[in-house]
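A.B. asks: So that you have it, the file is final-v4.cif, and it contains mmCIF, C-alpha atoms (C1' of nucleotides):
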```
data_query
#
loop_
_atom_site.label_atom_id
_atom_site.label_comp_id
_atom_site.auth_asym_id
_atom_site.auth_seq_id
_atom_site.Cartn_x
_atom_site.Cartn_y
_atom_site.Cartn_z
CA MET A 1 108.56 111.52 74.48
CA PRO A 2 110.94 108.60 75.05
CA ASP A 3 109.20 105.83 76.90
CA ALA A 4 111.33 103.17 78.54
CA PHE A 5 108.34 101.91 80.40
CA ASP A 6 105.00 100.49 79.40
CA LEU A 7 102.29 100.28 82.03
CA GLU A 8 100.74 97.42 80.13
CA SER A 9 103.67 95.15 80.86
CA PHE A 10 104.22 96.26 84.43
CA LEU A 11 103.46 93.26 86.59
CA PRO A 12 101.92 95.00 89.63
CA TYR A 13 99.50 96.78 87.34
CA ARG A 14 98.66 93.68 85.37
CA LEU A 15 98.12 91.62 88.49
CA ASN A 16 95.86 94.22 89.99
CA ARG A 17 93.82 94.61 86.88
CA ALA A 18 93.31 90.89 86.49
CA ALA A 19 92.49 90.51 90.17
CA GLU A 20 89.94 93.29 90.09
CA LEU A 21 88.34 91.89 86.99
CA ILE A 22 88.04 88.36 88.28
CA SER A 23 86.84 89.53 91.69
CA LEU A 24 84.13 91.55 90.07
CA SER A 25 83.21 88.68 87.82
CA PHE A 26 82.96 86.15 90.61
CA SER A 27 81.26 88.50 93.04
CA ARG A 28 78.45 88.85 90.54
CA GLU A 29 77.88 85.14 91.11
CA TYR A 30 77.32 85.35 94.82
CA LYS A 31 76.66 88.95 95.84
CA GLN A 32 73.04 88.57 94.86
CA ARG A 33 72.25 85.25 96.52
CA PHE A 34 74.29 85.80 99.63
CA GLN A 35 74.72 89.33 100.82
CA MET A 36 78.31 88.93 101.84
CA THR A 37 81.56 90.86 101.61
CA ARG A 38 84.79 89.32 100.42
CA PRO A 39 86.39 89.13 103.86
CA GLU A 40 83.30 87.35 105.17
CA TRP A 41 83.43 84.92 102.32
CA ARG A 42 87.10 84.28 102.95
CA ALA A 43 86.56 83.65 106.64
CA LEU A 44 83.66 81.37 105.84
CA ALA A 45 85.78 79.46 103.37
CA ALA A 46 88.62 79.10 105.83
CA LEU A 47 86.35 77.81 108.58
CA GLY A 48 84.42 75.62 106.22
CA SER A 49 87.41 73.84 104.84
CA VAL A 50 89.67 73.67 107.89
CA GLY A 51 87.07 73.38 110.65
CA SER A 52 87.56 75.22 113.93
CA MET A 53 90.07 78.05 113.97
CA THR A 54 90.91 81.13 116.00
CA ALA A 55 90.66 84.60 114.52
CA THR A 56 94.42 84.90 114.24
CA GLU A 57 94.62 81.58 112.45
CA ILE A 58 92.01 82.73 109.96
CA GLY A 59 94.11 85.82 109.39
CA THR A 60 97.29 83.95 108.57
CA HIS A 61 95.49 81.25 106.64
CA SER A 62 93.64 83.62 104.37
CA ASN A 63 96.00 86.55 104.51
CA MET A 64 93.79 89.12 106.12
CA HIS A 65 94.51 91.91 108.56
CA LYS A 66 93.23 91.18 112.04
CA THR A 67 90.73 94.02 112.00
CA LYS A 68 89.29 92.65 108.79
CA VAL A 69 88.99 89.25 110.36
CA SER A 70 87.44 90.69 113.49
CA ARG A 71 84.75 92.46 111.50
CA ALA A 72 84.09 89.54 109.21
CA VAL A 73 83.74 87.22 112.18
CA ALA A 74 81.37 89.62 113.92
CA ALA A 75 79.23 89.81 110.79
CA LEU A 76 79.12 86.05 110.36
CA GLU A 77 78.25 85.64 114.02
CA GLN A 78 75.40 88.10 113.77
CA ARG A 79 74.11 86.10 110.85
CA ARG A 80 74.21 83.00 113.04
CA TRP A 81 76.59 81.31 110.66
CA LEU A 82 79.35 81.11 113.20
CA ARG A 83 79.69 80.40 116.91
CA ARG A 84 82.47 81.37 119.29
CA ARG A 85 83.68 78.81 121.79
CA GLU A 86 85.90 79.95 124.58
CA ASN A 87 89.17 78.34 125.41
CA GLU A 88 89.45 77.17 129.01
CA ALA A 89 93.21 77.27 129.04
CA ASP A 90 93.64 80.72 127.49
CA ARG A 91 90.78 83.09 127.78
CA ARG A 92 92.17 85.49 125.22
CA VAL A 93 91.52 83.23 122.28
CA GLU A 94 88.19 82.14 120.89
CA HIS A 95 87.70 79.06 118.79
CA LEU A 96 85.39 79.77 115.92
CA GLU A 97 83.24 77.24 114.14
CA LEU A 98 80.42 77.28 111.68
CA THR A 99 76.88 76.60 112.76
CA ALA A 100 74.74 74.22 110.73
CA ALA A 101 73.43 77.19 108.76
CA GLY A 102 76.99 78.37 108.23
CA GLN A 103 78.07 75.01 106.92
CA LYS A 104 75.14 74.95 104.58
CA ALA A 105 76.06 78.38 103.24
CA TYR A 106 79.67 77.30 102.92
CA ARG A 107 78.75 74.25 100.88
CA GLU A 108 76.54 76.28 98.60
CA ILE A 109 79.10 78.93 97.98
CA ALA A 110 81.96 76.48 97.66
CA ASP A 111 79.91 74.76 95.04
CA LEU A 112 79.45 78.04 93.24
CA ALA A 113 83.18 78.64 93.36
CA HIS A 114 83.89 75.19 92.09
CA THR A 115 81.56 75.60 89.16
CA TYR A 116 82.97 79.02 88.44
CA GLN A 117 86.51 77.75 88.28
CA ALA A 118 85.52 74.73 86.22
CA THR A 119 83.90 76.98 83.64
CA LEU A 120 86.97 79.15 83.56
CA GLU A 121 89.20 76.14 83.17
CA LYS A 122 87.16 74.93 80.27
CA ALA A 123 87.49 78.31 78.58
CA LEU A 124 91.23 78.44 79.17
CA GLY A 125 92.19 74.88 78.45
CA THR A 126 93.45 72.16 80.74
CA GLY A 127 96.34 73.08 82.98
CA ALA A 128 96.19 76.78 82.24
CA ILE A 129 95.04 77.70 85.73
CA GLU A 130 97.64 75.48 87.35
CA ARG A 131 100.35 77.17 85.30
CA ILE A 132 99.17 80.61 86.29
CA GLU A 133 98.98 79.67 89.93
CA ALA A 134 102.47 78.23 89.78
CA GLY A 135 103.67 81.54 88.39
CA LEU A 136 101.89 83.44 91.12
CA ALA A 137 103.46 81.21 93.74
CA ASP A 138 106.89 82.01 92.31
CA VAL A 139 106.15 85.72 92.48
CA GLU A 140 104.93 85.49 96.04
CA ARG A 141 107.98 83.51 97.04
CA ALA A 142 110.29 86.07 95.45
CA LEU A 143 108.50 88.95 97.14
CA LEU A 144 108.51 87.34 100.54
CA ASP A 145 112.21 86.51 100.25
CA ARG A 146 112.84 90.11 99.31
CA SER A 147 111.01 91.49 102.30
CA HIS A 148 112.76 89.00 104.57
CA ARG A 149 116.14 90.15 103.44
CA ARG A 150 115.41 93.74 104.27
CA GLY A 151 113.70 92.91 107.58
CA MET B 152 83.38 67.25 106.18
CA PRO B 153 83.77 66.51 102.47
CA ASP B 154 85.69 69.28 100.80
CA ALA B 155 85.58 69.47 97.04
CA PHE B 156 87.03 72.93 97.16
CA ASP B 157 90.34 74.35 98.31
CA LEU B 158 90.63 78.10 98.73
CA GLU B 159 94.34 77.84 98.05
CA SER B 160 93.74 76.77 94.47
CA PHE B 161 90.83 79.11 93.79
CA LEU B 162 92.03 81.53 91.15
CA PRO B 163 90.21 84.69 92.29
CA TYR B 164 91.66 84.26 95.73
CA ARG B 165 95.14 83.52 94.47
CA LEU B 166 95.11 86.48 92.11
CA ASN B 167 93.95 88.82 94.81
CA ARG B 168 96.52 87.65 97.26
CA ALA B 169 99.36 88.00 94.79
CA ALA B 170 98.11 91.40 93.67
CA GLU B 171 97.85 92.69 97.22
CA LEU B 172 101.29 91.44 98.02
CA ILE B 173 102.98 92.95 95.00
CA SER B 174 101.11 96.22 95.37
CA LEU B 175 102.25 96.52 98.92
CA SER B 176 105.78 95.65 97.95
CA PHE B 177 106.00 98.18 95.15
CA SER B 178 104.19 100.91 97.03
CA ARG B 179 106.93 100.76 99.63
CA GLU B 180 109.25 101.88 96.85
CA TYR B 181 107.43 105.07 96.03
CA LYS B 182 105.02 105.97 98.82
CA GLN B 183 107.83 107.60 100.72
CA ARG B 184 109.46 109.63 97.96
CA PHE B 185 106.26 110.64 96.24
CA GLN B 186 103.18 110.99 98.37
CA MET B 187 100.83 109.51 95.82
CA THR B 188 97.93 107.07 95.75
CA ARG B 189 97.69 104.23 93.29
CA PRO B 190 94.99 105.86 91.15
CA GLU B 191 97.11 108.98 90.88
CA TRP B 192 100.11 106.94 89.87
CA ARG B 193 98.05 105.14 87.26
CA ALA B 194 96.71 108.34 85.80
CA LEU B 195 100.20 109.81 85.75
CA ALA B 196 101.53 106.73 84.01
CA ALA B 197 98.78 106.80 81.42
CA LEU B 198 99.32 110.46 80.64
CA GLY B 199 103.08 110.11 80.71
CA SER B 200 103.21 107.29 78.25
CA VAL B 201 100.36 108.18 75.92
CA GLY B 202 100.47 111.98 76.04
CA SER B 203 97.27 113.98 76.13
CA MET B 204 94.08 112.17 77.05
CA THR B 205 90.59 112.89 78.36
CA ALA B 206 89.44 111.60 81.74
CA THR B 207 87.29 108.95 80.13
CA GLU B 208 90.19 107.77 78.03
CA ILE B 209 92.34 107.45 81.10
CA GLY B 210 89.60 105.40 82.65
CA THR B 211 89.38 102.89 79.84
CA HIS B 212 93.12 102.83 79.29
CA SER B 213 93.98 102.07 82.87
CA ASN B 214 90.77 100.42 83.90
CA MET B 215 89.54 102.82 86.53
CA HIS B 216 86.09 103.94 87.56
CA LYS B 217 85.32 107.47 86.46
CA THR B 218 85.05 108.79 89.99
CA LYS B 219 88.48 107.40 90.75
CA VAL B 220 89.86 109.10 87.67
CA SER B 221 88.12 112.33 88.53
CA ARG B 222 89.65 112.40 91.99
CA ALA B 223 93.08 111.35 90.83
CA VAL B 224 93.07 114.05 88.15
CA ALA B 225 91.99 116.67 90.66
CA ALA B 226 94.83 115.65 92.98
CA LEU B 227 97.43 115.74 90.22
CA GLU B 228 96.14 119.10 89.10
CA GLN B 229 96.40 120.54 92.59
CA ARG B 230 99.99 119.34 92.66
CA ARG B 231 100.60 121.21 89.42
CA TRP B 232 101.59 118.01 87.69
CA LEU B 233 98.73 118.19 85.23
CA ARG B 234 96.91 120.83 83.23
CA ARG B 235 93.41 120.78 81.76
CA ARG B 236 92.89 122.12 78.28
CA GLU B 237 89.38 122.71 77.08
CA ASN B 238 87.99 121.40 73.85
CA GLU B 239 86.53 124.04 71.56
CA ALA B 240 84.30 121.63 69.72
CA ASP B 241 82.84 119.86 72.75
CA ARG B 242 82.88 121.75 75.98
CA ARG B 243 82.06 118.70 78.09
CA VAL B 244 85.45 117.12 77.61
CA GLU B 245 88.78 118.28 78.91
CA HIS B 246 92.11 117.27 77.43
CA LEU B 247 94.59 116.50 80.15
CA GLU B 248 98.34 116.73 79.87
CA LEU B 249 101.30 116.67 82.21
CA THR B 250 103.13 119.85 83.11
CA ALA B 251 106.92 119.89 83.05
CA ALA B 252 106.94 118.96 86.73
CA GLY B 253 104.50 116.17 86.01
CA GLN B 254 106.66 114.78 83.26
CA LYS B 255 109.67 114.88 85.53
CA ALA B 256 107.77 112.97 88.21
CA TYR B 257 106.58 110.49 85.63
CA ARG B 258 110.09 109.80 84.42
CA GLU B 259 111.36 109.32 87.94
CA ILE B 260 108.64 106.97 88.94
CA ALA B 261 108.71 105.10 85.65
CA ASP B 262 112.36 104.55 86.28
CA LEU B 263 111.59 103.21 89.71
CA ALA B 264 109.04 100.85 88.22
CA HIS B 265 111.46 99.73 85.58
CA THR B 266 114.11 98.93 88.15
CA TYR B 267 111.59 97.18 90.32
CA GLN B 268 110.49 94.89 87.55
CA ALA B 269 114.04 94.21 86.43
CA THR B 270 114.93 93.06 89.93
CA LEU B 271 111.90 90.86 90.03
CA GLU B 272 112.71 89.42 86.64
CA LYS B 273 116.19 88.56 87.79
CA ALA B 274 114.79 86.77 90.83
CA LEU B 275 112.26 84.84 88.76
CA GLY B 276 114.34 83.99 85.74
CA THR B 277 114.12 85.21 82.17
CA GLY B 278 110.70 85.02 80.58
CA ALA B 279 108.86 84.20 83.78
CA ILE B 280 107.07 87.53 83.91
CA GLU B 281 106.12 87.33 80.24
CA ARG B 282 104.63 83.90 80.82
CA ILE B 283 102.60 85.10 83.78
CA GLU B 284 101.36 88.11 81.88
CA ALA B 285 100.37 85.95 78.96
CA GLY B 286 98.35 83.81 81.36
CA LEU B 287 96.71 86.88 82.84
CA ALA B 288 95.83 88.11 79.39
CA ASP B 289 94.14 84.80 78.66
CA VAL B 290 92.14 85.05 81.86
CA GLU B 291 91.07 88.59 81.11
CA ARG B 292 90.05 87.65 77.62
CA ALA B 293 87.99 84.76 78.89
CA LEU B 294 86.29 86.92 81.50
CA LEU B 295 85.49 89.70 79.09
CA ASP B 296 84.07 87.25 76.57
CA ARG B 297 81.96 85.80 79.33
CA SER B 298 80.55 89.13 80.33
CA HIS B 299 79.91 90.01 76.70
CA ARG B 300 77.87 86.93 76.15
CA ARG B 301 75.58 87.71 79.03
CA GLY B 302 75.33 91.37 78.11
"C1'" DT C 303 63.74 124.77 67.77
"C1'" DC C 304 62.35 122.13 71.19
"C1'" DG C 305 62.55 118.30 73.85
"C1'" DA C 306 64.51 113.47 75.26
"C1'" DG C 307 68.12 110.93 75.91
"C1'" DA C 308 73.16 110.15 75.87
"C1'" DT C 309 77.70 111.54 77.43
"C1'" DG C 310 81.82 113.82 80.15
"C1'" DG C 311 82.71 114.78 84.50
"C1'" DT C 312 81.81 115.93 89.65
"C1'" DT C 313 79.93 115.27 94.21
"C1'" DG C 314 77.16 113.35 98.48
"C1'" DC C 315 76.77 109.48 100.93
"C1'" DA C 316 77.30 105.09 102.88
"C1'" DA C 317 80.27 101.30 103.28
"C1'" DG C 318 84.95 99.17 103.66
"C1'" DT C 319 89.74 99.76 104.96
"C1'" DG C 320 94.40 100.34 107.58
"C1'" DT C 321 96.68 102.50 111.43
"C1'" DA C 322 97.10 103.14 115.92
"C1'" DA C 323 95.48 102.97 120.26
"C1'" DC C 324 93.23 100.26 123.33
"C1'" DC C 325 91.38 96.27 126.78
"C1'" DG C 326 91.94 91.96 128.85
"C1'" DT C 327 94.78 88.00 129.53
"C1'" DC C 328 98.94 85.33 129.70
"C1'" DG C 329 103.95 84.10 130.76
"C1'" DA C 330 108.14 85.11 132.65
"C1'" DT C 331 110.96 87.40 135.81
"C1'" DT C 332 111.58 89.22 140.19
"C1'" DA D 333 102.33 88.13 144.27
"C1'" DA D 334 103.66 92.27 141.60
"C1'" DT D 335 105.33 93.81 137.28
"C1'" DC D 336 106.45 94.02 132.46
"C1'" DG D 337 106.14 92.84 127.90
"C1'" DA D 338 103.83 89.95 124.52
"C1'" DC D 339 99.65 88.47 122.49
"C1'" DG D 340 94.41 87.82 120.95
"C1'" DG D 341 91.02 90.59 119.74
"C1'" DT D 342 88.16 95.08 119.38
"C1'" DT D 343 87.36 99.87 118.45
"C1'" DA D 344 87.97 105.03 117.06
"C1'" DC D 345 89.41 107.70 113.44
"C1'" DA D 346 90.73 109.19 109.04
"C1'" DC D 347 90.81 108.03 104.40
"C1'" DT D 348 89.50 105.59 100.09
"C1'" DT D 349 86.02 103.66 97.38
"C1'" DG D 350 81.66 102.65 94.49
"C1'" DC D 351 77.08 103.82 93.64
"C1'" DA D 352 73.74 106.89 92.55
"C1'" DA D 353 72.34 111.27 91.76
"C1'" DC D 354 73.64 115.30 89.75
"C1'" DC D 355 75.11 119.36 86.36
"C1'" DA D 356 76.41 120.82 81.98
"C1'" DT D 357 76.65 119.94 77.31
"C1'" DC D 358 75.86 117.58 73.09
"C1'" DT D 359 73.01 114.88 69.54
"C1'" DC D 360 69.23 113.32 67.35
"C1'" DG D 361 64.58 113.35 65.84
"C1'" DA D 362 59.95 115.38 65.57
#
```
Can you present the structure in this file as structure tokens?
C.D. replies:
Amino acid sequence: MPDAFDLESFLPYRLNRAAELISLSFSREYKQRFQMTRPEWRALAALGSVGSMTATEIGTHSNMHKTKVSRAVAALEQRRWLRRRENEADRRVEHLELTAAGQKAYREIADLAHTYQATLEKALGTGAIERIEAGLADVERALLDRSHRRG
Amino acid sequence: MPDAFDLESFLPYRLNRAAELISLSFSREYKQRFQMTRPEWRALAALGSVGSMTATEIGTHSNMHKTKVSRAVAALEQRRWLRRRENEADRRVEHLELTAAGQKAYREIADLAHTYQATLEKALGTGAIERIEAGLADVERALLDRSHRRG
DNA sequence: TCGAGATGGTTGCAAGTGTAACCGTCGATT
DNA sequence: AATCGACGGTTACACTTGCAACCATCTCGA
């Protein structure tokens, strides 16, 4: 059977496989200590590093659908890691911020992430991660251009 | 708040974001023509390029959980794109192969994928995709080593 | 030859997800 | 001030997923 196409060198497949693998690998590091889903962890990270944000801002910052954000925020709130503060001027929006417990969790998990990446960097050699991320940025740019052009 | 950690340069996050984006982008190309999920498309691709395989082999080849494979295979079978052939020597396993219709679908979609990647390559410049994939391979190797060492 | 475990594959269930529809609020136009 | 569309955020529903439990079959050793 003639085969003009090899799955192994098809970029969407390769990206997905690598992403799944690394997600699984890193989640092993924190799933046990913190019982937390990936969207929750992303929202926590966004709030922890930027400070106060609205739900929509979290969504654009960390690239999540608004329903995902909504649920992650609700979960973090229930865990008392996050507090909603209403906006006087516009009562639709809510400013979200981490509680003291939330900030503590953020620092712990950020530390974990930092260590994780440092280990990986050591295994891969200096600059390897930066080069990969630069490549990913190029891909994202190309894809976003593409989708712009078609509307 | 001191911030030793930036989500934007955290590799698991970056890989996931890029993978989601490119998956979405490519799925737009085929979701309409073929009504097919990603696991089905992976199984089809594996069978189309390798030939006959068992479900377990598909799983290892294209990195899918066995339940995912099982469901994808069932769906492809129902669509008459795939046929099961039993093994005389070991009646647990089933050899799977594409029907004529399945092979036709595979060729069409492989063509689509080929075109997609060619367009992307043109946008990114020659060799860019190869470099990214080489980086991904390094990451995967490092992660698999890591998980080996811990068992 | 009779278990005990391993293996290929399927299924029930609970959890996560996207889509669309929705509620409340805002801003602009009238 | 009444209305209309846009926007922030939530929820109902259908679908996908992973885990664990399962069935059937095979293999190995007593």
A.B. asks: Just need chain A moved onto chain B: least-squares over all Cα atoms matched in order, then output as a CSV table (one decimal) with C-alpha atoms, in the frame of the given file.
C.D. replies:
```csv
chain,number,residue,atom,x,y,z
A,1,MET,CA,84.4,67.2,106.8
A,2,PRO,CA,84.6,66.4,103.1
A,3,ASP,CA,86.3,69.1,101.2
A,4,ALA,CA,85.8,69.3,97.5
A,5,PHE,CA,87.3,72.7,97.4
A,6,ASP,CA,90.6,74.2,98.4
A,7,LEU,CA,90.8,78.0,98.8
A,8,GLU,CA,94.5,77.8,98.0
A,9,SER,CA,93.9,76.7,94.5
A,10,PHE,CA,90.9,79.0,93.8
A,11,LEU,CA,92.1,81.4,91.2
A,12,PRO,CA,90.2,84.5,92.3
A,13,TYR,CA,91.7,84.2,95.7
A,14,ARG,CA,95.2,83.5,94.4
A,15,LEU,CA,95.1,86.4,92.1
A,16,ASN,CA,93.9,88.7,94.8
A,17,ARG,CA,96.5,87.6,97.2
A,18,ALA,CA,99.3,88.0,94.7
A,19,ALA,CA,98.0,91.4,93.6
A,20,GLU,CA,97.8,92.7,97.1
A,21,LEU,CA,101.2,91.4,97.9
A,22,ILE,CA,102.9,92.9,94.9
A,23,SER,CA,101.0,96.2,95.3
A,24,LEU,CA,102.1,96.5,98.8
A,25,SER,CA,105.7,95.6,97.9
A,26,PHE,CA,105.9,98.2,95.1
A,27,SER,CA,104.0,100.9,97.0
A,28,ARG,CA,106.8,100.7,99.6
A,29,GLU,CA,109.1,101.9,96.8
A,30,TYR,CA,107.3,105.0,96.0
A,31,LYS,CA,104.8,105.9,98.8
A,32,GLN,CA,107.7,107.5,100.7
A,33,ARG,CA,109.3,109.6,98.0
A,34,PHE,CA,106.1,110.6,96.3
A,35,GLN,CA,103.0,110.9,98.4
A,36,MET,CA,100.7,109.5,95.9
A,37,THR,CA,97.8,107.0,95.7
A,38,ARG,CA,97.5,104.2,93.2
A,39,PRO,CA,94.9,105.9,91.1
A,40,GLU,CA,97.0,109.0,90.9
A,41,TRP,CA,100.0,107.0,89.9
A,42,ARG,CA,98.0,105.2,87.2
A,43,ALA,CA,96.7,108.4,85.8
A,44,LEU,CA,100.2,109.8,85.8
A,45,ALA,CA,101.5,106.8,84.0
A,46,ALA,CA,98.8,106.9,81.4
A,47,LEU,CA,99.4,110.6,80.7
A,48,GLY,CA,103.1,110.2,80.8
A,49,SER,CA,103.3,107.4,78.3
A,50,VAL,CA,100.5,108.3,75.9
A,51,GLY,CA,100.6,112.1,76.1
A,52,SER,CA,97.4,114.1,76.2
A,53,MET,CA,94.2,112.3,77.0
A,54,THR,CA,90.7,113.1,78.3
A,55,ALA,CA,89.5,111.8,81.6
A,56,THR,CA,87.4,109.1,80.0
A,57,GLU,CA,90.3,107.9,77.9
A,58,ILE,CA,92.4,107.6,81.0
A,59,GLY,CA,89.6,105.5,82.5
A,60,THR,CA,89.4,103.0,79.7
A,61,HIS,CA,93.2,103.0,79.2
A,62,SER,CA,94.0,102.2,82.8
A,63,ASN,CA,90.7,100.5,83.7
A,64,MET,CA,89.5,102.9,86.4
A,65,HIS,CA,86.0,104.1,87.3
A,66,LYS,CA,85.3,107.6,86.2
A,67,THR,CA,85.0,108.9,89.8
A,68,LYS,CA,88.4,107.5,90.6
A,69,VAL,CA,89.8,109.2,87.5
A,70,SER,CA,88.1,112.4,88.4
A,71,ARG,CA,89.6,112.5,91.9
A,72,ALA,CA,93.0,111.4,90.8
A,73,VAL,CA,93.1,114.1,88.1
A,74,ALA,CA,92.0,116.7,90.6
A,75,ALA,CA,94.7,115.7,93.0
A,76,LEU,CA,97.4,115.8,90.3
A,77,GLU,CA,96.1,119.1,89.2
A,78,GLN,CA,96.4,120.5,92.7
A,79,ARG,CA,99.9,119.3,92.8
A,80,ARG,CA,100.6,121.2,89.6
A,81,TRP,CA,101.6,118.0,87.8
A,82,LEU,CA,98.8,118.2,85.3
A,83,ARG,CA,97.0,120.9,83.3
A,84,ARG,CA,93.6,120.9,81.8
A,85,ARG,CA,93.1,122.3,78.3
A,86,GLU,CA,89.6,122.9,77.1
A,87,ASN,CA,88.3,121.6,73.8
A,88,GLU,CA,87.0,124.3,71.5
A,89,ALA,CA,84.8,122.0,69.6
A,90,ASP,CA,83.2,120.2,72.6
A,91,ARG,CA,83.2,122.0,75.8
A,92,ARG,CA,82.3,118.9,77.9
A,93,VAL,CA,85.7,117.3,77.5
A,94,GLU,CA,89.0,118.4,78.8
A,95,HIS,CA,92.3,117.4,77.4
A,96,LEU,CA,94.7,116.6,80.2
A,97,GLU,CA,98.5,116.9,80.0
A,98,LEU,CA,101.4,116.8,82.3
A,99,THR,CA,103.2,119.9,83.3
A,100,ALA,CA,107.0,119.9,83.3
A,101,ALA,CA,107.0,119.0,86.9
A,102,GLY,CA,104.5,116.2,86.2
A,103,GLN,CA,106.7,114.8,83.4
A,104,LYS,CA,109.7,114.9,85.7
A,105,ALA,CA,107.7,112.9,88.4
A,106,TYR,CA,106.6,110.5,85.7
A,107,ARG,CA,110.1,109.8,84.5
A,108,GLU,CA,111.3,109.3,88.1
A,109,ILE,CA,108.5,106.9,89.0
A,110,ALA,CA,108.6,105.1,85.7
A,111,ASP,CA,112.3,104.6,86.3
A,112,LEU,CA,111.5,103.2,89.7
A,113,ALA,CA,108.9,100.8,88.2
A,114,HIS,CA,111.4,99.7,85.6
A,115,THR,CA,114.0,98.9,88.1
A,116,TYR,CA,111.5,97.1,90.3
A,117,GLN,CA,110.4,94.9,87.5
A,118,ALA,CA,113.9,94.2,86.4
A,119,THR,CA,114.8,93.1,89.9
A,120,LEU,CA,111.8,90.9,89.9
A,121,GLU,CA,112.6,89.4,86.6
A,122,LYS,CA,116.1,88.6,87.7
A,123,ALA,CA,114.7,86.8,90.7
A,124,LEU,CA,112.2,84.9,88.6
A,125,GLY,CA,114.3,84.0,85.6
A,126,THR,CA,114.0,85.2,82.1
A,127,GLY,CA,110.6,85.0,80.5
A,128,ALA,CA,108.8,84.2,83.7
A,129,ILE,CA,107.0,87.5,83.8
A,130,GLU,CA,106.0,87.3,80.2
A,131,ARG,CA,104.5,83.9,80.7
A,132,ILE,CA,102.5,85.1,83.7
A,133,GLU,CA,101.2,88.1,81.8
A,134,ALA,CA,100.2,85.9,78.9
A,135,GLY,CA,98.3,83.7,81.3
A,136,LEU,CA,96.6,86.8,82.8
A,137,ALA,CA,95.7,88.0,79.3
A,138,ASP,CA,94.0,84.7,78.6
A,139,VAL,CA,92.0,84.9,81.9
A,140,GLU,CA,90.9,88.4,81.1
A,141,ARG,CA,89.9,87.5,77.6
A,142,ALA,CA,87.9,84.5,78.9
A,143,LEU,CA,86.2,86.7,81.5
A,144,LEU,CA,85.3,89.4,79.1
A,145,ASP,CA,83.9,87.0,76.6
A,146,ARG,CA,81.8,85.5,79.4
A,147,SER,CA,80.4,88.8,80.4
A,148,HIS,CA,79.7,89.7,76.8
A,149,ARG,CA,77.7,86.6,76.3
A,150,ARG,CA,75.4,87.3,79.2
A,151,GLY,CA,75.1,91.0,78.3
```
A.B. asks: Atom CA of Arg165 of chain B to atom CA of Glu121 of chain A: how many Å, to one decimal?
C.D. replies: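 These two atoms are separated by 14.7 Å.
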A.B. asks: So which residues touch Leu233 of chain B within 7 Å, counting only C-alpha atoms (C1' of nucleotides), skipping near sequence neighbours fewer than 5 positions away, as a ChimeraX atom specification?
C.D. replies: /B:227-228,247-250,253
A.B. asks: Using only C-alpha atoms (C1' of nucleotides), which chain D residues lie at most 10 Å away from chain B, written as a list in words?
C.D. replies: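 On the chain D side, the interface is DT348, DT349, DG350, DA356, DT357 and DC358 of chain D.
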A.B. asks: Deliver the residues from the most recent selection as a file, using C-alpha atoms (C1' of nucleotides), as a CSV table (one decimal), keeping the file's coordinate frame.
C.D. replies:
```csv
chain,number,residue,atom,x,y,z
D,348,DT,C1',89.5,105.6,100.1
D,349,DT,C1',86.0,103.7,97.4
D,350,DG,C1',81.7,102.6,94.5
D,356,DA,C1',76.4,120.8,82.0
D,357,DT,C1',76.6,119.9,77.3
D,358,DC,C1',75.9,117.6,73.1
```
A.B. asks: Tell me, in Å to one decimal, how far atom CA of Arg222 of chain B is from atom CA of Pro12 of chain A.
C.D. replies: 21.4 Å
A.B. asks: Which polymer residues have any atom within 10 Å of an atom of Glu291 of chain B, counting all atoms listed in the file, with same-chain residues fewer than 2 positions away left out, as a list in words?
C.D. replies: Arg17, Ala18, Ala19, Leu21 and Ile22 of chain A; Ala285, Gly286, Leu287, Ala288, Asp289, Ala293, Leu294, Leu295, Asp296 and Arg297 of chain B
A.B. asks: Quick one: of A:Ile109, A:Val69, A:Ala75, A:Ala45, who's nearest to chain B, counting all atoms listed in the file?
C.D. replies: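 Under the stated criterion, the closest residue is A:Ala45.
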A.B. asks: Apply the PyMOL selection byres ((chain C) within 12 of (chain B)) to the displayed file and report the matching residues as a PyMOL selection string.
C.D. replies: chain C and resi 309-313
A.B. asks: Find the residues of chain B in contact range of chain A, meaning any atom within 9 Å when counting all atoms listed in the file, and list them as a PyMOL selection string.
C.D. replies: chain B and resi 152-174+176-177+193+196-197+199-202+213-214+258+261-262+264-265+268+271+274-275+279-284+286-291+293-295+298
A.B. asks: Which is closest to DG340 of chain D among A:Asn87, A:Thr115, A:Gln32, A:Thr126, if we use only C-alpha atoms (C1' of nucleotides)?
C.D. replies: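 Answer, going by the shortest atom-to-atom distance: A:Asn87.
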A.B. asks: If I take atom CA of Thr211 of chain B and atom C1' of DT319 of chain C, how far is one from the other in Å, to one decimal?
C.D. replies: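 Interatomic distance, atom CA of Thr211 of chain B to atom C1' of DT319 of chain C: 25.3 Å.
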A.B. asks: DT332 of chain C: which residues within 12 Å, counting all atoms listed in the file, same-chain residues fewer than 6 positions away excluded, as a list of chain:residue names?
C.D. replies: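 Result of the neighbour search: D:DA333, D:DA334, D:DT335, D:DC336.
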A.B. asks: Going by the chain IDs and residue numbers used in this file, which residues fall under the PyMOL selection byres ((chain C and resi 316) around 10)? Write them as a list in words.
C.D. replies: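 Selected by the PyMOL selection byres ((chain C and resi 316) around 10) here: DG314, DC315, DA317 and DG318 of chain C; DG350 and DC351 of chain D.
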A.B. asks: How would you write, as a list in words, the residues chosen by the PyMOL selection byres ((chain D and resi 343) around 10) on this structure?
C.D. replies: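 Checking the PyMOL selection byres ((chain D and resi 343) around 10) against this file, the residues are Thr67 of chain A; DA323, DC324 and DC325 of chain C; DT342, DA344 and DC345 of chain D.
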A.B. asks: Report as a compact mmCIF listing (two decimals) with C-alpha atoms (C1' of nucleotides), in the frame of the given file all protein, DNA and RNA residues lying within 12 Å of DG361 of chain D, evaluated on all atoms listed in the file, omitting residues in the same chain fewer than 3 positions from it.
C.D. replies:
```txt
# COMPACT_ATOMS: atom_id res chain seq x y z
C1' DT C 303 63.74 124.77 67.77
C1' DC C 304 62.35 122.13 71.19
C1' DG C 305 62.55 118.30 73.85
C1' DA C 306 64.51 113.47 75.26
C1' DG C 307 68.12 110.93 75.91
```
